[in-house]
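Asker: Coordinates in run30.txt, compact mmCIF, C-alpha atoms and all ligand atoms, are listed below.
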# COMPACT_ATOMS: atom_id res chain seq x y z
CA MET A 1 40.00 129.39 67.77
CA ASN A 2 40.01 127.71 64.38
CA THR A 3 43.25 126.17 63.21
CA THR A 4 44.12 124.39 60.02
CA THR A 5 47.01 122.31 58.69
CA ASP A 6 47.78 122.87 55.04
CA THR A 7 48.92 119.58 53.50
CA TRP A 8 49.98 121.10 50.20
CA THR A 9 52.71 123.49 49.18
CA THR A 10 53.74 125.07 45.89
CA ASP A 11 57.32 125.17 44.69
CA PRO A 12 58.43 128.78 44.27
CA ALA A 13 58.14 129.69 40.59
CA ASP A 14 60.14 132.30 38.70
CA LEU A 15 57.97 134.69 36.67
CA SER A 16 60.69 137.29 36.19
CA ARG A 17 60.35 136.97 32.41
CA SER A 18 56.54 136.85 32.46
CA THR A 19 53.78 139.43 32.21
CA VAL A 20 50.51 138.74 33.99
CA VAL A 21 47.32 140.79 33.81
CA VAL A 22 44.93 140.41 36.73
CA ILE A 23 41.51 141.72 35.73
CA GLY A 24 39.84 142.63 38.99
CA GLY A 25 43.28 142.94 40.60
CA SER A 26 41.90 145.62 42.91
CA GLY A 27 39.38 143.12 44.34
CA GLY A 28 39.75 140.85 47.34
CA VAL A 29 40.87 137.69 45.53
CA GLY A 30 42.60 139.62 42.75
CA GLU A 31 44.89 141.32 45.27
CA GLY A 32 46.18 137.94 46.44
CA VAL A 33 46.97 136.96 42.86
CA VAL A 34 48.71 140.28 42.16
CA ARG A 35 50.77 139.92 45.32
CA ALA A 36 51.84 136.34 44.56
CA ALA A 37 52.75 137.19 40.96
CA LEU A 38 54.84 140.15 42.15
CA ALA A 39 56.56 137.93 44.71
CA ALA A 40 57.44 135.58 41.82
CA GLY A 41 59.06 138.51 40.01
CA ALA A 42 56.44 139.08 37.30
CA THR A 43 55.51 142.26 35.54
CA VAL A 44 51.90 142.59 36.69
CA VAL A 45 49.12 144.73 35.26
CA ALA A 46 46.31 144.99 37.81
CA THR A 47 43.00 146.34 36.52
CA GLY A 48 39.72 147.54 37.97
CA ARG A 49 37.20 150.24 37.19
CA ASP A 50 38.06 152.49 40.11
CA GLU A 51 41.32 154.43 39.85
CA ARG A 52 41.38 155.26 43.56
CA ARG A 53 41.06 151.60 44.56
CA LEU A 54 43.90 150.74 42.16
CA GLY A 55 46.06 153.49 43.65
CA GLU A 56 45.49 152.13 47.16
CA LEU A 57 46.45 148.65 45.96
CA ALA A 58 49.69 149.98 44.45
CA GLU A 59 50.50 151.81 47.68
CA ARG A 60 49.88 148.73 49.87
CA LEU A 61 51.85 146.34 47.68
CA GLY A 62 54.60 148.87 46.94
CA ALA A 63 55.36 148.99 50.67
CA LEU A 64 56.14 145.25 50.65
CA GLY A 65 59.17 145.61 48.34
CA LEU A 66 58.24 142.59 46.21
CA ALA A 67 60.49 141.53 43.33
CA GLY A 68 58.16 142.22 40.38
CA THR A 69 56.88 145.42 38.82
CA LEU A 70 53.29 146.56 39.27
CA HIS A 71 51.32 148.64 36.78
CA THR A 72 47.68 149.57 37.26
CA ARG A 73 45.16 150.34 34.54
CA VAL A 74 41.49 151.26 34.59
CA LEU A 75 39.57 148.74 32.48
CA ASP A 76 35.81 148.23 32.31
CA ALA A 77 34.74 144.91 30.83
CA MET A 78 31.43 146.40 29.71
CA ALA A 79 32.89 149.50 28.02
CA ALA A 80 32.33 149.93 24.27
CA THR A 81 36.07 150.62 24.06
CA LEU A 82 37.13 147.31 25.67
CA ASP A 83 38.75 145.77 22.58
CA ALA A 84 40.69 148.96 21.83
CA ASP A 85 41.68 149.29 25.50
CA VAL A 86 43.03 145.72 25.56
CA THR A 87 44.88 146.19 22.25
CA ALA A 88 46.52 149.31 23.70
CA MET A 89 47.58 147.31 26.78
CA ALA A 90 49.09 144.59 24.58
CA ASP A 91 50.91 147.24 22.53
CA GLU A 92 52.38 148.55 25.75
CA PHE A 93 53.20 145.28 27.55
CA GLY A 94 53.39 142.64 24.78
CA ALA A 95 51.52 139.33 24.81
CA PHE A 96 50.41 138.22 28.26
CA ASP A 97 51.75 134.98 29.75
CA GLY A 98 48.92 134.95 32.26
CA VAL A 99 45.45 136.46 32.02
CA VAL A 100 43.49 136.11 35.26
CA VAL A 101 39.79 137.02 35.20
CA SER A 102 38.70 137.81 38.76
CA VAL A 103 35.60 139.95 38.31
CA ALA A 104 32.34 139.76 40.18
CA SER A 105 29.41 141.96 41.00
CA TRP A 106 26.81 141.45 43.72
CA GLY A 107 24.64 144.22 42.25
CA GLU A 108 22.78 146.71 44.39
CA GLN A 109 19.58 144.76 44.93
CA GLY A 110 20.76 142.83 48.00
CA ARG A 111 19.69 139.23 48.57
CA LYS A 112 16.37 138.51 46.88
CA PRO A 113 14.45 135.37 45.93
CA ALA A 114 15.13 134.47 42.29
CA LEU A 115 11.76 135.48 40.91
CA ALA A 116 11.64 138.78 42.83
CA LEU A 117 14.37 140.26 40.59
CA ASP A 118 13.06 142.90 38.22
CA ASP A 119 14.27 143.11 34.62
CA ASP A 120 16.87 145.79 35.34
CA GLU A 121 18.35 143.91 38.30
CA TRP A 122 18.47 140.69 36.26
CA GLN A 123 20.23 142.45 33.38
CA GLN A 124 22.69 144.24 35.67
CA LEU A 125 23.69 140.97 37.35
CA LEU A 126 24.12 139.13 34.06
CA ASP A 127 26.15 142.02 32.66
CA GLY A 128 28.40 142.15 35.73
CA ASN A 129 28.96 138.41 36.12
CA LEU A 130 28.45 136.73 32.75
CA THR A 131 28.63 139.13 29.79
CA SER A 132 31.66 140.82 31.37
CA VAL A 133 33.53 137.49 31.45
CA PHE A 134 32.53 136.66 27.86
CA ARG A 135 33.71 140.08 26.64
CA LEU A 136 37.00 139.78 28.58
CA PHE A 137 37.75 136.33 27.11
CA ARG A 138 36.98 137.62 23.60
CA ALA A 139 39.20 140.66 24.03
CA PHE A 140 42.13 138.99 25.82
CA LEU A 141 42.49 135.64 24.04
CA PRO A 142 44.15 137.20 20.96
CA VAL A 143 46.72 138.95 23.18
CA THR A 144 47.53 135.91 25.33
CA ALA A 145 50.83 134.18 24.46
CA ARG A 146 50.42 130.80 22.71
CA THR A 147 52.31 129.26 25.65
CA GLY A 148 50.32 131.27 28.18
CA VAL A 149 47.23 130.61 30.26
CA LEU A 150 43.88 132.28 30.74
CA VAL A 151 42.37 131.53 34.18
CA GLN A 152 38.85 132.39 35.30
CA LEU A 153 38.34 132.48 39.07
CA ASN A 154 34.87 131.33 40.02
CA GLY A 155 32.88 130.37 43.12
CA MET A 156 31.13 127.21 44.27
CA SER A 157 27.80 128.77 43.33
CA ALA A 158 28.73 127.49 39.84
CA ASP A 159 27.75 124.02 41.12
CA ILE A 160 25.33 124.43 44.03
CA PRO A 161 22.10 126.33 44.78
CA PHE A 162 22.64 129.83 46.13
CA PRO A 163 19.33 131.07 47.59
CA GLY A 164 18.96 134.85 47.49
CA SER A 165 21.64 135.27 44.80
CA ALA A 166 20.25 133.29 41.88
CA ALA A 167 21.58 135.52 39.10
CA VAL A 168 25.08 135.50 40.58
CA ALA A 169 24.98 131.69 40.83
CA LEU A 170 23.55 131.04 37.38
CA SER A 171 26.16 133.40 35.92
CA ALA A 172 28.83 131.41 37.76
CA ALA A 173 27.46 128.18 36.26
CA ALA A 174 27.38 129.81 32.83
CA THR A 175 30.94 131.17 33.00
CA LYS A 176 32.14 127.75 34.15
CA SER A 177 30.50 126.28 31.05
CA LEU A 178 31.93 129.04 28.86
CA THR A 179 35.46 128.49 30.17
CA VAL A 180 35.57 124.72 29.78
CA THR A 181 33.93 125.03 26.36
CA LEU A 182 36.57 127.51 25.27
CA ALA A 183 39.27 125.12 26.55
CA ALA A 184 37.71 122.30 24.50
CA GLU A 185 37.33 124.50 21.40
CA LEU A 186 41.01 125.46 21.55
CA GLY A 187 41.96 121.84 22.25
CA GLY A 188 45.62 122.66 22.85
CA ARG A 189 45.86 124.85 19.73
CA GLY A 190 46.18 128.05 21.69
CA PRO A 191 46.79 129.22 25.23
CA ARG A 192 45.66 126.92 28.03
CA VAL A 193 42.27 127.90 29.47
CA VAL A 194 41.51 127.08 33.11
CA GLN A 195 38.38 127.28 35.21
CA LEU A 196 39.36 127.49 38.89
CA VAL A 197 36.45 127.06 41.29
CA LEU A 198 37.21 128.48 44.73
CA GLY A 199 35.84 127.95 48.22
CA VAL A 200 35.42 130.84 50.63
CA VAL A 201 38.44 133.15 50.53
CA ARG A 202 40.05 135.20 53.33
CA THR A 203 40.22 138.61 51.72
CA ARG A 204 41.48 141.90 53.12
CA ALA A 205 38.00 143.42 52.83
CA ARG A 206 36.46 140.58 54.86
CA GLN A 207 39.18 140.85 57.50
CA LEU A 208 38.68 144.62 57.74
CA ALA A 209 34.98 143.93 58.30
CA GLY A 210 35.90 141.51 61.10
CA ILE A 211 34.76 138.48 59.09
CA ASP A 212 37.46 135.85 59.19
CA ASP A 213 38.03 132.14 59.67
CA ALA A 214 41.48 130.51 59.61
CA ARG A 215 40.00 127.52 57.76
CA TRP A 216 39.26 129.71 54.73
CA ILE A 217 41.75 129.87 51.88
CA ASP A 218 44.09 132.89 51.85
CA ALA A 219 43.87 134.99 48.71
CA THR A 220 47.66 134.70 48.38
CA GLN A 221 47.43 130.88 48.42
CA ILE A 222 45.18 131.17 45.39
CA GLY A 223 47.76 133.54 43.95
CA ASP A 224 50.55 131.02 44.59
CA HIS A 225 48.57 128.37 42.75
CA VAL A 226 47.87 130.73 39.83
CA VAL A 227 51.60 131.55 39.66
CA GLY A 228 52.29 127.81 39.27
CA LEU A 229 49.72 127.66 36.45
CA VAL A 230 51.35 130.59 34.64
CA ALA A 231 54.85 129.16 35.13
CA GLY A 232 53.63 125.70 34.07
CA THR A 233 55.16 124.19 37.23
CA SER A 234 51.85 123.18 38.83
CA PRO A 235 50.86 119.52 38.41
CA LEU A 236 47.45 120.92 37.38
CA SER A 237 48.87 123.18 34.65
CA THR A 238 46.97 121.47 31.84
CA GLU A 239 43.72 120.72 33.74
CA PRO A 240 40.90 122.84 32.27
CA LEU A 241 38.66 122.36 35.33
CA GLN A 242 40.06 122.54 38.82
CA TYR A 243 38.87 123.19 42.35
CA PHE A 244 40.50 124.93 45.29
CA THR A 245 37.73 124.65 47.84
CA ASP A 246 39.51 123.10 50.81
CA ARG A 247 42.48 124.91 52.30
CA ALA A 248 44.07 121.82 53.82
CA GLU A 249 43.64 119.70 50.69
CA GLY A 250 44.83 122.37 48.23
CA PRO A 251 43.95 122.54 44.53
CA ARG A 252 42.66 119.41 42.83
CA PRO A 253 41.45 118.52 39.35
CA GLY A 254 37.72 118.53 38.63
CA PRO A 255 35.97 115.51 37.15
CA SER A 256 37.02 114.60 33.63
CA MET A 257 34.79 116.19 30.99
CA ARG A 258 35.63 113.75 28.21
N1 LIG B 301 35.65 136.37 47.85
C1 LIG B 301 35.43 135.07 47.93
O1 LIG B 301 35.31 134.48 49.02
C2 LIG B 301 35.32 134.27 46.67
C3 LIG B 301 35.04 132.91 46.81
C4 LIG B 301 34.97 132.13 45.68
C5 LIG B 301 35.15 132.70 44.44
N2 LIG B 301 35.40 134.02 44.32
C6 LIG B 301 35.55 134.55 42.96
O2 LIG B 301 36.65 135.43 42.86
C7 LIG B 301 36.37 136.43 41.90
C8 LIG B 301 36.64 137.80 42.51
O3 LIG B 301 35.86 137.94 43.68
P1 LIG B 301 36.22 139.02 44.80
O4 LIG B 301 35.66 138.54 46.07
O5 LIG B 301 37.65 139.36 44.71
O6 LIG B 301 35.35 140.25 44.29
P2 LIG B 301 35.59 141.82 44.56
O7 LIG B 301 36.40 142.05 45.77
O8 LIG B 301 34.26 142.45 44.44
O9 LIG B 301 36.47 142.26 43.31
C9 LIG B 301 35.95 142.28 42.02
C10 LIG B 301 36.95 142.92 41.09
O10 LIG B 301 36.39 142.95 39.78
C11 LIG B 301 36.41 144.29 39.29
N3 LIG B 301 35.24 144.44 38.42
C12 LIG B 301 33.95 144.27 38.74
N4 LIG B 301 33.18 144.45 37.66
C13 LIG B 301 34.01 144.77 36.64
C14 LIG B 301 33.83 145.11 35.28
N5 LIG B 301 32.60 145.20 34.71
N6 LIG B 301 34.91 145.37 34.52
C15 LIG B 301 36.14 145.33 35.05
N7 LIG B 301 36.39 145.03 36.34
C16 LIG B 301 35.33 144.75 37.12
C17 LIG B 301 36.34 145.15 40.55
O11 LIG B 301 36.87 146.44 40.34
P3 LIG B 301 36.03 147.77 40.66
O12 LIG B 301 34.85 147.39 41.51
O13 LIG B 301 36.98 148.68 41.31
O14 LIG B 301 35.64 148.18 39.32
C18 LIG B 301 37.27 144.36 41.46
O15 LIG B 301 38.62 144.61 41.14
C19 LIG B 301 34.91 136.25 41.47
O16 LIG B 301 34.87 135.57 40.25
C20 LIG B 301 34.33 135.39 42.57
O17 LIG B 301 33.31 134.52 42.10
C21 LIG B 301 35.48 134.83 45.41
Please lay out the structure from this file as structure tokens.
Answerer:
Amino acid sequence: MNTTTDTWTTDPADLSRSTVVVIGGSGGVGEGVVRAALAAGATVVATGRDERRLGELAERLGALGLAGTLHTRVLDAMAATLDADVTAMADEFGAFDGVVVSVASWGEQGRKPALALDDDEWQQLLDGNLTSVFRLFRAFLPVTARTGVLVQLNGMSADIPFPGSAAVALSAAATKSLTVTLAAELGGRGPRVVQLVLGVVRTRARQLAGIDDARWIDATQIGDHVVGLVAGTSPLSTEPLQYFTDRAEGPRPGPSMR
């Protein structure tokens, strides 16, 4: 049996006056963020492309009786209507205090050596993992509160080789670059922008598939950290690059980029 001792904790934060959108909220990591934000009392808008998956999320979380209010919306980052869809969401909910980008796509090609990808597979992976993030940032930044935060959740493939999944990894590296560049461009003259690089996460989908390890980070622990970023109570609230790769150690700042 694997055991772990977490050496970090987060102070409970109050998001009862905050609105948080979790893009990819129906996904494994996104669900943990949605759950933590609801537990902190937030109004949460969880998005995904699949209405059924969103409905199942609402049913599961509704049964927990958490303090906040959950709304679900279908949103496709690659849709021609994205900007109008996001404007309509902002008209409905007001400016967002937290915008969490938790999208990913493994594509349908399976694991393949980098140079075995054909043009369509390459394009599909870049659309799903890189262009989607760029389009989401562009659409959501104008509707993020000046005091708010935009967080992109990313994986360690942003920094290390990832044989068999080259286009996923190079997209991760590119979105990491995009996020920290956006943070530097804004330079404190807009919402905070945070790149959060994660280690392996214990998600519901993995557990259902019988794939689990107690040393992995719980999706809700990531959510608790994101809640602290939105509330501004986390010691890392103003760090544009941060890592949560070791469950026991907790979140830590990345190397300085100055
Ligand atoms: N799972 C891990 O162990 C792990 C580890 C490190 C980092 N991460 C990072 O965490 C993030 C989320 O990963 P995950 O494991 O939660 O993935 P996931 O379970 O596949 O969830 C992905 C979410 O993104 C949505 N999505 C995908 N493409 C989209 C698009 N074009 N437009 C709008 N929504 C889209 C999906 O909704 P539909 O499919 O319903 O449309 C789903 O809600 C990724 O950035 C990943 O790099 C995950």
Asker: Can you tell me which residues surround Val151 of chain A at a distance of at most 8 Å, considering all atoms listed in the file, apart from same-chain residues fewer than 4 positions away, and format the answer as a ChimeraX atom specification?
Answerer: /A:98-101,193-196,226
Asker: Expressed in Å to a single decimal, how great is the separation between atom CA of Val197 of chain A and atom O16 of ligand LIG 301 (chain B)?
Answerer: 8.7 Å
Asker: With all atoms listed in the file as the counted atoms, please give the residues lying no more than 7 Å from segment 75-92 of chain A, apart from itself and same-chain residues fewer than 2 positions off, as a list of chain:residue names.
Answerer: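 Non-adjacent residues within range: A:Thr47, A:Gly48, A:Arg49, A:Arg73, A:Gly94, A:Ala95, A:Ser132, A:Arg135, A:Leu136, A:Ala139, A:Phe140, A:Val143.
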Asker: May I have the protein, DNA and RNA residues with any atom at most 12 Å from the point (40.3, 133.9, 17.8), counting only C-alpha atoms, written as a list of chain:residue names?
Answerer: A:Phe137, A:Arg138, A:Ala139, A:Phe140, A:Leu141, A:Pro142, A:Val143, A:Thr144, A:Arg146, A:Leu182, A:Glu185, A:Leu186, A:Arg189, A:Gly190, A:Pro191
Asker: Please produce a file of the residues just selected, as an mmCIF file, in the frame of the given file, where the atoms kept are C-alpha atoms.
Answerer:
data_model
loop_
_atom_site.group_PDB
_atom_site.id
_atom_site.type_symbol
_atom_site.label_atom_id
_atom_site.label_comp_id
_atom_site.auth_asym_id
_atom_site.auth_seq_id
_atom_site.Cartn_x
_atom_site.Cartn_y
_atom_site.Cartn_z
ATOM 1 C CA PHE A 137 37.750 136.330 27.110
ATOM 2 C CA ARG A 138 36.980 137.620 23.600
ATOM 3 C CA ALA A 139 39.200 140.660 24.030
ATOM 4 C CA PHE A 140 42.130 138.990 25.820
ATOM 5 C CA LEU A 141 42.490 135.640 24.040
ATOM 6 C CA PRO A 142 44.150 137.200 20.960
ATOM 7 C CA VAL A 143 46.720 138.950 23.180
ATOM 8 C CA THR A 144 47.530 135.910 25.330
ATOM 9 C CA ARG A 146 50.420 130.800 22.710
ATOM 10 C CA LEU A 182 36.570 127.510 25.270
ATOM 11 C CA GLU A 185 37.330 124.500 21.400
ATOM 12 C CA LEU A 186 41.010 125.460 21.550
ATOM 13 C CA ARG A 189 45.860 124.850 19.730
ATOM 14 C CA GLY A 190 46.180 128.050 21.690
ATOM 15 C CA PRO A 191 46.790 129.220 25.230
#
Asker: If you count only C-alpha atoms and all ligand atoms, which residues end up within 6 Å of ligand LIG 301 (chain B), as a PyMOL selection string?
Answerer: chain A and resi 24-30+48-50+53+75-78+102-105+128+132+153-155+198-201
Asker: Got a sec: who's within 8 Å of segment 15-20 of chain A, counting all atoms listed in the file, leaving out chain neighbours fewer than 5 positions off, as a list of chain:residue names?
Answerer: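 With the cut-off at 8 Å, the set is A:Ala37, A:Ala40, A:Gly41, A:Ala42, A:Thr43, A:Val44, A:Val45, A:Gly68, A:Phe93, A:Ala95, A:Phe96, A:Asp97, A:Gly98, A:Val99, A:Val100, A:Val227, A:Ala231.
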Asker: For a quick check of understanding, using only C-alpha atoms, which of A:Gly228, A:Gly55, A:Gly254, A:Gly164 has the smallest distance to Thr9 of chain A?
Answerer: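 Among the listed residues, A:Gly228 lies closest to Thr9 of chain A.
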Asker: So what do you get for atom CA of Ile217 of chain A versus atom CA of Gln152 of chain A, distance-wise?
Answerer: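 Straight-line distance from atom CA of Ile217 of chain A to atom CA of Gln152 of chain A works out to 17.0 Å.
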Asker: Find the spatial neighbours of Leu130 of chain A, counting only C-alpha atoms, within a cut-off of 9 Å - ignore same-chain residues fewer than 5 positions away - and output them as a list in words.
Answerer: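 Here the answer would be Ala104, Leu125, Arg135, Val168, Leu170, Ser171, Ala172, Ala174 and Thr175 of chain A.
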Asker: Write out as AutoDock Vina command-line options an axis-aligned box for segment 116-128 of chain A: all of its atoms listed in the file, 5 Å added on each side, centre and edge lengths in Å with one decimal.
Answerer:
--center_x 20.0 --center_y 142.3 --center_z 37.7 --size_x 26.8 --size_y 17.0 --size_z 20.2
Asker: Report, in Å with one decimal, the straight-line distance from atom CA of Gly232 of chain A to atom CA of Ala46 of chain A.
Answerer: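 So the answer is 21.0 Å.
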Asker: Check the smallest atom-to-atom distance from each of A:Asp159, A:Asp14, A:Asp224, A:Glu121 to Tyr243 of chain A using all atoms listed in the file, then report the winner.
Answerer: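 For Tyr243 of chain A, the nearest of the given residues is A:Asp159.
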Asker: Name the closest residue to Arg52 of chain A among the candidates A:Val74, A:Ala67, A:Leu117, A:Leu38; distances are taken between atoms, counting only C-alpha atoms.
Answerer: A:Val74
Asker: Using all atoms listed in the file, can you tell me which of A:Ser256, A:Gln242, A:Thr203, A:Thr181 comes closest to Met156 of chain A?
Answerer: A:Gln242
Asker: Between A:Val133, A:Leu236, A:Ala116, A:Trp8, which is the closest to Ala248 of chain A once you count only C-alpha atoms?
Answerer: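 Looking only at the distances to Ala248 of chain A, the closest residue turns out to be A:Trp8.
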Asker: What's the 9 Å shell around Gly110 of chain A, counting all atoms listed in the file, without same-chain residues fewer than 2 positions away, as a PyMOL selection string?
Answerer: chain A and resi 106-108+112+164-165
Asker: In terms of the shortest atom-to-atom distance over all atoms listed in the file, which of A:Thr245, A:Thr220, A:Thr72, A:Thr233 is closest to Glu59 of chain A?
Answerer: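 Between A:Thr245, A:Thr220, A:Thr72, A:Thr233, the residue approaching Glu59 of chain A most closely is A:Thr72.
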Asker: Would you list the residues near (37.7, 130.8, 59.8), meaning any protein, DNA or RNA residue with an atom at most 12 Å from that point in file coordinates, counting only C-alpha atoms, as a list in words?
Answerer: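 Nearby residues: Met1, Asn2, Thr3, Thr4, Val200, Val201, Arg202, Thr203, Arg206, Gln207, Gly210, Ile211, Asp212, Asp213, Ala214, Arg215, Trp216, Ile217, Asp218, Asp246 and Arg247 of chain A.
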